[in-house]
Amino acid sequence: MRILLANKFYYPKGGDCIYTMNVERLLVSHGHDVAVFSMQHPDNHSTPWQRFFPSEVSFRPGKGLLKAIARPFGTKEVRHCFSELLDTFQPDVIHLNNIHSQLSPQIGELAHQRGIKVIWTLHDYKLICPRYDCMLHDRQYCQACQTSKWSCLKHRCVKNSMLASYIGYREMAVWNKQRLSSFTDFFICPSQHMLEEMKKCGFPSHQLVHLNNFIDVAKCQRDSYQKGEYYCYFGRLSKEKGVRTLVEAANSLPYPLLIIGDGPLREELEKVARPHIRFVGRKDWDALKKLVGESRFSVLPSECNENNPLSIIESKCLGTPVLGSHIGGIPELITNEKNGLTFKPYDKEDLRKQIDRMWRIPFDYPQIATDSTHEYDAETYYRHLINLYQK
């Protein structure tokens with residue numbers, strides 16, 4: 001088959017980008033012809049298809065802001081670039097990923113108009129929430145946009161900015177669920193939580209498919225499941241990830257904590273963390289594999305509606321159990337006392353108690369790795385995905 005993958009970035013910026021590039025490798029390994037469509041960016045990986053990429057836009061204040069503001073609604077430049085790619089590659093299927101704002105759903109509509117099947121993997125809640133996460137600023141769960149079209153403006157949901165919130169409001173009005181459903185064959189929901197939220201918001205059930213994310217499980221193989229005397233967090237150091245709550249809870253416990261990653265909160269957190277909490281910055285996979293693989297357990301203290309986080313999947317495949325906040329799709333990935341525990345999000349006291357409990361549970365680390373590598377194996381994912389492409 002000839003498959004065109006679309007994602008707004010073509011470098012490992014986040015989970016959506018990693019997933020897209022993993023799917024590309026998986027499809028090529030099975031003999032399919034694969035092209036990619038993205039936005040120009042200096043960090044992009046090199047690809048023969050980059051000559052079709054539209055120019056980079058930025059929503060930061062400056063002379064390019066007006067161009068960026070127009071992009072979410074569909075622009076002539078994106079339409080021209082994408083149409084040229086369709087003419088050249090002539091795909092059987094277009095597989096959309098994270099395309100909002102920088103590319104826009106217009107590319108799915110253009111493909112559908114040519115009779116091309118459209119599959120869309122949902123990496124966040126953007127189709128039902130202008131700010132991607134169904135959360136208010138005070139960390140309350142929110143679905144107000146489904147009943148009041150002005151809610152996004154009332155609460156300044158997007159970046160606490162009236163302009164950004166207005167763009168989000170207009171984007172949802174232009175790309176409403178009826179229009180999105182009209183040109184999409186299937187929406188892949190990586191979590192059951194995502195699928196249920198899409199159903200609640202009126203997307204047709206027959207278009208929604210639950211399919212967990214996958215990883216290259218071979219890269220997680222380890223010779224030993226011996227553990228060190230520490231636990232870890234790995235990921236972005238930002239507010240929605242709950243790392244501040246984790247540091248506050250860990251400060252009152254004696255167990256060594258390793259924080260792997262970087263982000264806007266790093267400097268602030270380093271100032272308040274006690275000496276048994278170490279910040280080691282970003283790591284490449286080999287270093288990350290060793291640090292997470294030898295950790296007693298990892299913690300994902302998210303305070304946003306996570307979908308199907310790769311960090312949990314990677315941790316489990318390395319034989320490392322996970323303590324995760326009971327929010328979004330996280331609880332689906334954790335079986336209490338078998339491969340981890342959950343705790344109440346935002347609650348540092350409950351988090352502290354569950355860290356102490358995790359330290360004492362005699363987990364079967366090799367069995368966690370075995371079970372997880374079977375569950376998240378790329379070949380299993382491929383069989384489900386190709387079935388959707390061929391339906």
# chains A, B, ... in the order shown; residues from 1 in each chain; ligands from 1
call {"tool": "residues_around", "arguments": {"residues": "Pro309 of chain A", "least_positions_apart": "2", "cutoff": "10 Å", "atoms": "only C-alpha atoms", "output": "JSON, numbers by chain"}}
result
{"A": [15, 123, 190, 191, 212, 213, 300, 306, 307, 311, 312, 313, 314, 329, 330, 333]}
call {"tool": "residues_around", "arguments": {"residues": "segment 104-116 of chain A", "least_positions_apart": "2", "cutoff": "6 Å", "atoms": "only C-alpha atoms", "output": "list in words"}}
result
Pro72, Gly74, Asp92, Val93, Ile99, His100, Ser101 and Phe183 of chain A
call {"tool": "residues_around", "arguments": {"residues": "Gly202 of chain A", "least_positions_apart": "6", "cutoff": "12 Å", "atoms": "only C-alpha atoms", "output": "ChimeraX atom specification"}}
result
/A:127-128,146-147,176-178,180-181,195-196,208
call {"tool": "residues_around", "arguments": {"residues": "segment 349-351 of chain A", "least_positions_apart": "2", "cutoff": "10 Å", "atoms": "only C-alpha atoms", "output": "PDB file with N, CA and C atoms, in the first residue's frame"}}
result
ATOM      1  N   THR A 245       4.316  18.685  42.397  1.00  0.00           N
ATOM      2  CA  THR A 245       3.672  17.880  43.446  1.00  0.00           C
ATOM      3  C   THR A 245       4.568  16.713  43.845  1.00  0.00           C
ATOM      4  N   LEU A 246       5.219  16.098  42.857  1.00  0.00           N
ATOM      5  CA  LEU A 246       6.124  14.978  43.139  1.00  0.00           C
ATOM      6  C   LEU A 246       7.278  15.424  44.031  1.00  0.00           C
ATOM      7  N   GLU A 248       7.405  17.964  46.069  1.00  0.00           N
ATOM      8  CA  GLU A 248       6.906  18.286  47.412  1.00  0.00           C
ATOM      9  C   GLU A 248       6.685  17.014  48.230  1.00  0.00           C
ATOM     10  N   ALA A 249       6.155  15.973  47.588  1.00  0.00           N
ATOM     11  CA  ALA A 249       5.938  14.712  48.301  1.00  0.00           C
ATOM     12  C   ALA A 249       7.264  14.024  48.612  1.00  0.00           C
ATOM     13  N   ALA A 250       8.175  14.025  47.633  1.00  0.00           N
ATOM     14  CA  ALA A 250       9.461  13.331  47.799  1.00  0.00           C
ATOM     15  C   ALA A 250      10.343  14.004  48.833  1.00  0.00           C
ATOM     16  N   SER A 252       9.622  14.919  51.694  1.00  0.00           N
ATOM     17  CA  SER A 252       9.331  14.433  53.046  1.00  0.00           C
ATOM     18  C   SER A 252       9.597  12.943  53.212  1.00  0.00           C
ATOM     19  N   VAL A 299       7.526   7.159  38.382  1.00  0.00           N
ATOM     20  CA  VAL A 299       6.326   7.893  38.792  1.00  0.00           C
ATOM     21  C   VAL A 299       5.882   8.790  37.648  1.00  0.00           C
ATOM     22  N   PRO A 301       3.225  11.626  37.698  1.00  0.00           N
ATOM     23  CA  PRO A 301       2.287  12.331  38.568  1.00  0.00           C
ATOM     24  C   PRO A 301       1.403  13.344  37.834  1.00  0.00           C
ATOM     25  N   LEU A 323       4.022   4.132  39.300  1.00  0.00           N
ATOM     26  CA  LEU A 323       3.065   4.806  40.168  1.00  0.00           C
ATOM     27  C   LEU A 323       2.500   5.981  39.371  1.00  0.00           C
ATOM     28  N   GLY A 324       1.223   5.915  39.020  1.00  0.00           N
ATOM     29  CA  GLY A 324       0.641   6.946  38.170  1.00  0.00           C
ATOM     30  C   GLY A 324      -0.568   7.606  38.792  1.00  0.00           C
ATOM     31  N   SER A 325      -0.791   8.863  38.468  1.00  0.00           N
ATOM     32  CA  SER A 325      -1.975   9.550  38.974  1.00  0.00           C
ATOM     33  C   SER A 325      -3.222   8.990  38.299  1.00  0.00           C
ATOM     34  N   THR A 342      -1.872   3.426  41.615  1.00  0.00           N
ATOM     35  CA  THR A 342      -2.299   4.786  41.257  1.00  0.00           C
ATOM     36  C   THR A 342      -2.505   5.593  42.537  1.00  0.00           C
ATOM     37  N   PHE A 343      -2.559   6.912  42.384  1.00  0.00           N
ATOM     38  CA  PHE A 343      -2.813   7.798  43.512  1.00  0.00           C
ATOM     39  C   PHE A 343      -3.712   8.930  43.049  1.00  0.00           C
ATOM     40  N   LYS A 344      -4.265   9.672  43.985  1.00  0.00           N
ATOM     41  CA  LYS A 344      -5.156  10.779  43.662  1.00  0.00           C
ATOM     42  C   LYS A 344      -4.346  11.933  43.064  1.00  0.00           C
ATOM     43  N   PRO A 345      -4.704  12.400  41.865  1.00  0.00           N
ATOM     44  CA  PRO A 345      -3.946  13.502  41.278  1.00  0.00           C
ATOM     45  C   PRO A 345      -4.038  14.763  42.139  1.00  0.00           C
ATOM     46  N   TYR A 346      -2.973  15.542  42.119  1.00  0.00           N
ATOM     47  CA  TYR A 346      -2.826  16.819  42.857  1.00  0.00           C
ATOM     48  C   TYR A 346      -2.635  16.618  44.364  1.00  0.00           C
ATOM     49  N   ASP A 347      -2.744  15.389  44.861  1.00  0.00           N
ATOM     50  CA  ASP A 347      -2.747  15.129  46.301  1.00  0.00           C
ATOM     51  C   ASP A 347      -1.361  14.644  46.740  1.00  0.00           C
ATOM     52  N   LYS A 353       2.184   8.672  50.413  1.00  0.00           N
ATOM     53  CA  LYS A 353       1.825   7.358  50.962  1.00  0.00           C
ATOM     54  C   LYS A 353       2.050   6.243  49.937  1.00  0.00           C
ATOM     55  N   GLN A 354       1.694   6.520  48.688  1.00  0.00           N
ATOM     56  CA  GLN A 354       1.816   5.479  47.666  1.00  0.00           C
ATOM     57  C   GLN A 354       3.278   5.261  47.252  1.00  0.00           C
ATOM     58  N   ILE A 355       4.107   6.298  47.316  1.00  0.00           N
ATOM     59  CA  ILE A 355       5.552   6.101  47.082  1.00  0.00           C
ATOM     60  C   ILE A 355       6.100   5.156  48.146  1.00  0.00           C
ATOM     61  N   ASP A 356       5.727   5.396  49.399  1.00  0.00           N
ATOM     62  CA  ASP A 356       6.173   4.533  50.494  1.00  0.00           C
ATOM     63  C   ASP A 356       5.688   3.099  50.282  1.00  0.00           C
ATOM     64  N   ARG A 357       4.457   2.962  49.822  1.00  0.00           N
ATOM     65  CA  ARG A 357       3.889   1.631  49.576  1.00  0.00           C
ATOM     66  C   ARG A 357       4.601   0.936  48.411  1.00  0.00           C
TER      67      ARG A 357
END
call {"tool": "atom_distance", "arguments": {"atom1": "atom CA of Val272 of chain A", "atom2": "atom CA of Arg244 of chain A"}}
result
9.5 Å
call {"tool": "closest_residue", "arguments": {"among": "A:Tyr231, A:Phe59, A:Phe73, A:Tyr382", "to": "Glu24 of chain A", "atoms": "only C-alpha atoms"}}
result
A:Tyr382
call {"tool": "closest_residue", "arguments": {"among": "A:Ser182, A:Arg296, A:Met172, A:His95", "to": "Tyr233 of chain A", "atoms": "only C-alpha atoms"}}
result
A:Arg296
call {"tool": "atom_distance", "arguments": {"atom1": "atom CA of Ile260 of chain A", "atom2": "atom CA of Phe297 of chain A"}}
result
13.3 Å
call {"tool": "closest_residue", "arguments": {"among": "A:Arg352, A:Arg2, A:Arg179, A:His326", "to": "Phe89 of chain A", "atoms": "only C-alpha atoms"}}
result
A:Arg2
call {"tool": "residues_around", "arguments": {"residues": "segment 16-20 of chain A", "least_positions_apart": "2", "cutoff": "10 Å", "atoms": "only C-alpha atoms", "output": "compact mmCIF listing (two decimals) with N, CA and C atoms, in the first residue's frame"}}
result
# COMPACT_ATOMS: atom_id res chain seq x y z
N LEU A 5 1.81 9.67 5.91
CA LEU A 5 1.72 10.03 7.33
C LEU A 5 1.87 11.54 7.48
N ALA A 6 1.00 12.14 8.29
CA ALA A 6 1.05 13.59 8.50
C ALA A 6 1.15 13.91 9.98
N ASN A 7 2.12 14.74 10.33
CA ASN A 7 2.28 15.25 11.70
C ASN A 7 2.97 16.60 11.60
N LYS A 8 2.63 17.53 12.47
CA LYS A 8 3.13 18.90 12.27
C LYS A 8 4.62 19.05 12.51
N PHE A 9 5.23 18.14 13.28
CA PHE A 9 6.69 18.14 13.42
C PHE A 9 7.23 16.79 12.97
N TYR A 10 8.44 16.81 12.41
CA TYR A 10 9.07 15.57 11.96
C TYR A 10 10.43 15.39 12.64
N TYR A 11 10.40 15.52 13.95
CA TYR A 11 11.55 15.21 14.79
C TYR A 11 10.99 14.81 16.15
N PRO A 12 11.73 14.12 17.00
CA PRO A 12 11.16 13.57 18.24
C PRO A 12 10.90 14.63 19.30
N LYS A 13 9.98 15.54 19.01
CA LYS A 13 9.65 16.62 19.94
C LYS A 13 8.78 16.13 21.09
N GLY A 14 7.90 15.18 20.79
CA GLY A 14 6.98 14.67 21.80
C GLY A 14 6.45 13.30 21.39
N ASN A 22 7.79 6.11 14.41
CA ASN A 22 7.77 4.67 14.64
C ASN A 22 6.85 3.96 13.65
N VAL A 23 5.68 4.56 13.40
CA VAL A 23 4.75 3.98 12.42
C VAL A 23 5.40 3.96 11.03
N GLU A 24 6.11 5.02 10.69
CA GLU A 24 6.79 5.06 9.40
C GLU A 24 7.76 3.89 9.27
N ARG A 25 8.60 3.70 10.28
CA ARG A 25 9.57 2.59 10.23
C ARG A 25 8.87 1.24 10.17
N LEU A 26 7.78 1.10 10.93
CA LEU A 26 7.04 -0.16 10.96
C LEU A 26 6.46 -0.49 9.59
N VAL A 36 5.78 11.28 4.01
CA VAL A 36 5.42 12.07 5.19
C VAL A 36 5.13 13.50 4.78
N HIS A 95 -2.74 8.96 6.92
CA HIS A 95 -2.83 8.71 8.35
C HIS A 95 -2.43 9.99 9.08
N LEU A 96 -3.44 10.69 9.60
CA LEU A 96 -3.23 11.95 10.30
C LEU A 96 -2.80 11.69 11.74
N ASN A 97 -2.03 12.62 12.28
CA ASN A 97 -1.63 12.57 13.68
C ASN A 97 -1.88 13.94 14.31
N ASN A 98 -0.86 14.56 14.85
CA ASN A 98 -1.04 15.87 15.47
C ASN A 98 -0.87 16.94 14.40
N ILE A 99 -1.98 17.41 13.85
CA ILE A 99 -1.92 18.32 12.68
C ILE A 99 -2.51 19.69 12.95
N THR A 121 -5.04 9.21 14.16
CA THR A 121 -4.68 8.84 15.53
C THR A 121 -4.74 10.09 16.41
N LEU A 122 -5.50 10.01 17.49
CA LEU A 122 -5.72 11.15 18.38
C LEU A 122 -4.73 11.10 19.54
N HIS A 123 -3.82 12.05 19.58
CA HIS A 123 -2.78 12.07 20.62
C HIS A 123 -3.17 12.95 21.80
N ASP A 124 -4.23 13.72 21.64
CA ASP A 124 -4.72 14.58 22.73
C ASP A 124 -6.21 14.82 22.48
N ASN A 213 -1.04 2.60 22.07
CA ASN A 213 0.23 2.90 21.41
C ASN A 213 1.16 1.70 21.49
N PHE A 214 2.22 1.74 20.70
CA PHE A 214 3.21 0.66 20.70
C PHE A 214 4.59 1.27 20.76
N ILE A 215 5.57 0.43 21.03
CA ILE A 215 6.97 0.85 20.96
C ILE A 215 7.79 -0.28 20.34
N LEU A 310 3.55 7.20 26.53
CA LEU A 310 4.62 6.28 26.17
C LEU A 310 5.55 6.00 27.34
call {"tool": "closest_residue", "arguments": {"among": "A:Gln390, A:Pro321, A:Thr370, A:Pro264", "to": "Glu240 of chain A", "atoms": "only C-alpha atoms"}}
result
A:Pro264
call {"tool": "closest_residue", "arguments": {"among": "A:Asn160, A:Gln50, A:Thr184, A:Gln192", "to": "Leu211 of chain A", "atoms": "only C-alpha atoms"}}
result
A:Gln192
call {"tool": "select_by_dssp", "arguments": {"residues": "segment 264-364 of chain A", "states": "strand (DSSP E)", "output": "list in words"}}
result
Ile277, Arg278, Phe279, Val280, Gly281, Ser298, Val299, Leu300, Val322, Leu323, Gly324, Ser325, Gly340, Leu341, Thr342 and Phe343 of chain A
call {"tool": "write_last_selection", "arguments": {"atoms": "N, CA and C atoms", "output": "PDB file, in the first residue's frame"}}
result
ATOM      1  N   ILE A 277      17.151  14.285  46.105  1.00  0.00           N
ATOM      2  CA  ILE A 277      16.500  14.384  44.791  1.00  0.00           C
ATOM      3  C   ILE A 277      17.528  14.930  43.803  1.00  0.00           C
ATOM      4  N   ARG A 278      17.843  14.133  42.774  1.00  0.00           N
ATOM      5  CA  ARG A 278      18.861  14.530  41.797  1.00  0.00           C
ATOM      6  C   ARG A 278      18.230  14.798  40.435  1.00  0.00           C
ATOM      7  N   PHE A 279      18.664  15.895  39.807  1.00  0.00           N
ATOM      8  CA  PHE A 279      18.220  16.251  38.458  1.00  0.00           C
ATOM      9  C   PHE A 279      19.364  15.947  37.493  1.00  0.00           C
ATOM     10  N   VAL A 280      19.105  15.096  36.513  1.00  0.00           N
ATOM     11  CA  VAL A 280      20.184  14.672  35.618  1.00  0.00           C
ATOM     12  C   VAL A 280      19.969  15.128  34.172  1.00  0.00           C
ATOM     13  N   GLY A 281      18.885  15.868  33.894  1.00  0.00           N
ATOM     14  CA  GLY A 281      18.668  16.403  32.554  1.00  0.00           C
ATOM     15  C   GLY A 281      18.198  15.354  31.556  1.00  0.00           C
ATOM     16  N   SER A 298       8.970   3.847  38.517  1.00  0.00           N
ATOM     17  CA  SER A 298       8.895   5.202  37.974  1.00  0.00           C
ATOM     18  C   SER A 298       7.575   5.832  38.419  1.00  0.00           C
ATOM     19  N   VAL A 299       7.526   7.159  38.382  1.00  0.00           N
ATOM     20  CA  VAL A 299       6.326   7.893  38.792  1.00  0.00           C
ATOM     21  C   VAL A 299       5.882   8.790  37.648  1.00  0.00           C
ATOM     22  N   LEU A 300       4.584   8.750  37.326  1.00  0.00           N
ATOM     23  CA  LEU A 300       3.998   9.708  36.380  1.00  0.00           C
ATOM     24  C   LEU A 300       2.893  10.452  37.131  1.00  0.00           C
ATOM     25  N   VAL A 322       5.048   1.170  37.682  1.00  0.00           N
ATOM     26  CA  VAL A 322       4.731   2.598  37.583  1.00  0.00           C
ATOM     27  C   VAL A 322       3.733   3.010  38.656  1.00  0.00           C
ATOM     28  N   LEU A 323       4.022   4.132  39.300  1.00  0.00           N
ATOM     29  CA  LEU A 323       3.065   4.806  40.168  1.00  0.00           C
ATOM     30  C   LEU A 323       2.500   5.981  39.371  1.00  0.00           C
ATOM     31  N   GLY A 324       1.223   5.915  39.020  1.00  0.00           N
ATOM     32  CA  GLY A 324       0.641   6.946  38.170  1.00  0.00           C
ATOM     33  C   GLY A 324      -0.568   7.606  38.792  1.00  0.00           C
ATOM     34  N   SER A 325      -0.791   8.863  38.468  1.00  0.00           N
ATOM     35  CA  SER A 325      -1.975   9.550  38.974  1.00  0.00           C
ATOM     36  C   SER A 325      -3.222   8.990  38.299  1.00  0.00           C
ATOM     37  N   GLY A 340       2.163  -1.859  39.287  1.00  0.00           N
ATOM     38  CA  GLY A 340       2.205  -0.502  39.802  1.00  0.00           C
ATOM     39  C   GLY A 340       1.038  -0.188  40.720  1.00  0.00           C
ATOM     40  N   LEU A 341       0.838   1.106  40.967  1.00  0.00           N
ATOM     41  CA  LEU A 341      -0.260   1.624  41.770  1.00  0.00           C
ATOM     42  C   LEU A 341      -0.701   2.960  41.177  1.00  0.00           C
ATOM     43  N   THR A 342      -1.872   3.426  41.615  1.00  0.00           N
ATOM     44  CA  THR A 342      -2.299   4.786  41.257  1.00  0.00           C
ATOM     45  C   THR A 342      -2.505   5.593  42.537  1.00  0.00           C
ATOM     46  N   PHE A 343      -2.559   6.912  42.384  1.00  0.00           N
ATOM     47  CA  PHE A 343      -2.813   7.798  43.512  1.00  0.00           C
ATOM     48  C   PHE A 343      -3.712   8.930  43.049  1.00  0.00           C
TER      49      PHE A 343
END
call {"tool": "closest_residue", "arguments": {"among": "A:Pro61, A:Asp185, A:Ser55, A:Thr380", "to": "Val78 of chain A", "atoms": "only C-alpha atoms"}}
result
A:Ser55
call {"tool": "residues_around", "arguments": {"residues": "Leu269 of chain A", "least_positions_apart": "2", "cutoff": "9 Å", "atoms": "only C-alpha atoms", "output": "list in words"}}
result
Leu237, Val243, Arg244, Val247, Leu265, Arg266, Glu267, Lys271, Val272 and Ala273 of chain A
call {"tool": "write_last_selection", "arguments": {"atoms": "N, CA, C and O atoms", "output": "JSON list (two decimals), in the first residue's frame"}}
result
[["chain", "number", "residue", "atom", "x", "y", "z"],
["A", 237, "LEU", "N", 9.62, 18.59, 32.39],
["A", 237, "LEU", "CA", 9.45, 19.24, 33.69],
["A", 237, "LEU", "C", 8.56, 20.47, 33.52],
["A", 237, "LEU", "O", 9.04, 21.60, 33.35],
["A", 243, "VAL", "N", 5.11, 17.53, 38.28],
["A", 243, "VAL", "CA", 6.44, 17.31, 38.87],
["A", 243, "VAL", "C", 6.62, 18.12, 40.15],
["A", 243, "VAL", "O", 7.32, 17.69, 41.08],
["A", 244, "ARG", "N", 5.98, 19.27, 40.23],
["A", 244, "ARG", "CA", 6.07, 20.06, 41.46],
["A", 244, "ARG", "C", 5.46, 19.30, 42.63],
["A", 244, "ARG", "O", 6.03, 19.25, 43.73],
["A", 247, "VAL", "N", 7.90, 16.54, 43.70],
["A", 247, "VAL", "CA", 9.04, 17.03, 44.50],
["A", 247, "VAL", "C", 8.59, 17.36, 45.92],
["A", 247, "VAL", "O", 9.28, 17.04, 46.90],
["A", 265, "LEU", "N", 10.20, 24.16, 34.46],
["A", 265, "LEU", "CA", 10.18, 24.17, 35.93],
["A", 265, "LEU", "C", 11.50, 23.71, 36.55],
["A", 265, "LEU", "O", 11.63, 23.71, 37.77],
["A", 266, "ARG", "N", 12.47, 23.35, 35.74],
["A", 266, "ARG", "CA", 13.67, 22.73, 36.31],
["A", 266, "ARG", "C", 14.37, 23.63, 37.33],
["A", 266, "ARG", "O", 14.69, 23.18, 38.44],
["A", 267, "GLU", "N", 14.62, 24.86, 36.97],
["A", 267, "GLU", "CA", 15.36, 25.76, 37.86],
["A", 267, "GLU", "C", 14.60, 25.95, 39.17],
["A", 267, "GLU", "O", 15.19, 25.90, 40.27],
["A", 271, "LYS", "N", 15.73, 24.41, 43.17],
["A", 271, "LYS", "CA", 15.91, 25.28, 44.33],
["A", 271, "LYS", "C", 15.22, 24.74, 45.57],
["A", 271, "LYS", "O", 15.69, 24.96, 46.70],
["A", 272, "VAL", "N", 14.11, 24.03, 45.39],
["A", 272, "VAL", "CA", 13.33, 23.59, 46.55],
["A", 272, "VAL", "C", 13.56, 22.11, 46.87],
["A", 272, "VAL", "O", 13.17, 21.64, 47.95],
["A", 273, "ALA", "N", 14.20, 21.37, 45.97],
["A", 273, "ALA", "CA", 14.39, 19.93, 46.19],
["A", 273, "ALA", "C", 15.47, 19.69, 47.25],
["A", 273, "ALA", "O", 16.50, 20.37, 47.28]]
call {"tool": "atom_distance", "arguments": {"atom1": "atom CA of Val118 of chain A", "atom2": "atom CA of Phe187 of chain A"}}
result
8.9 Å
call {"tool": "select_by_dssp", "arguments": {"residues": "segment 42-255 of chain A", "states": "helix (DSSP H, G or I)", "output": "PyMOL selection string"}}
result
chain A and resi 50-52+65-73+76-89+106-113+144-146+151-155+162-174+177-183+192-200+205-207+217-220+239-241+243-251
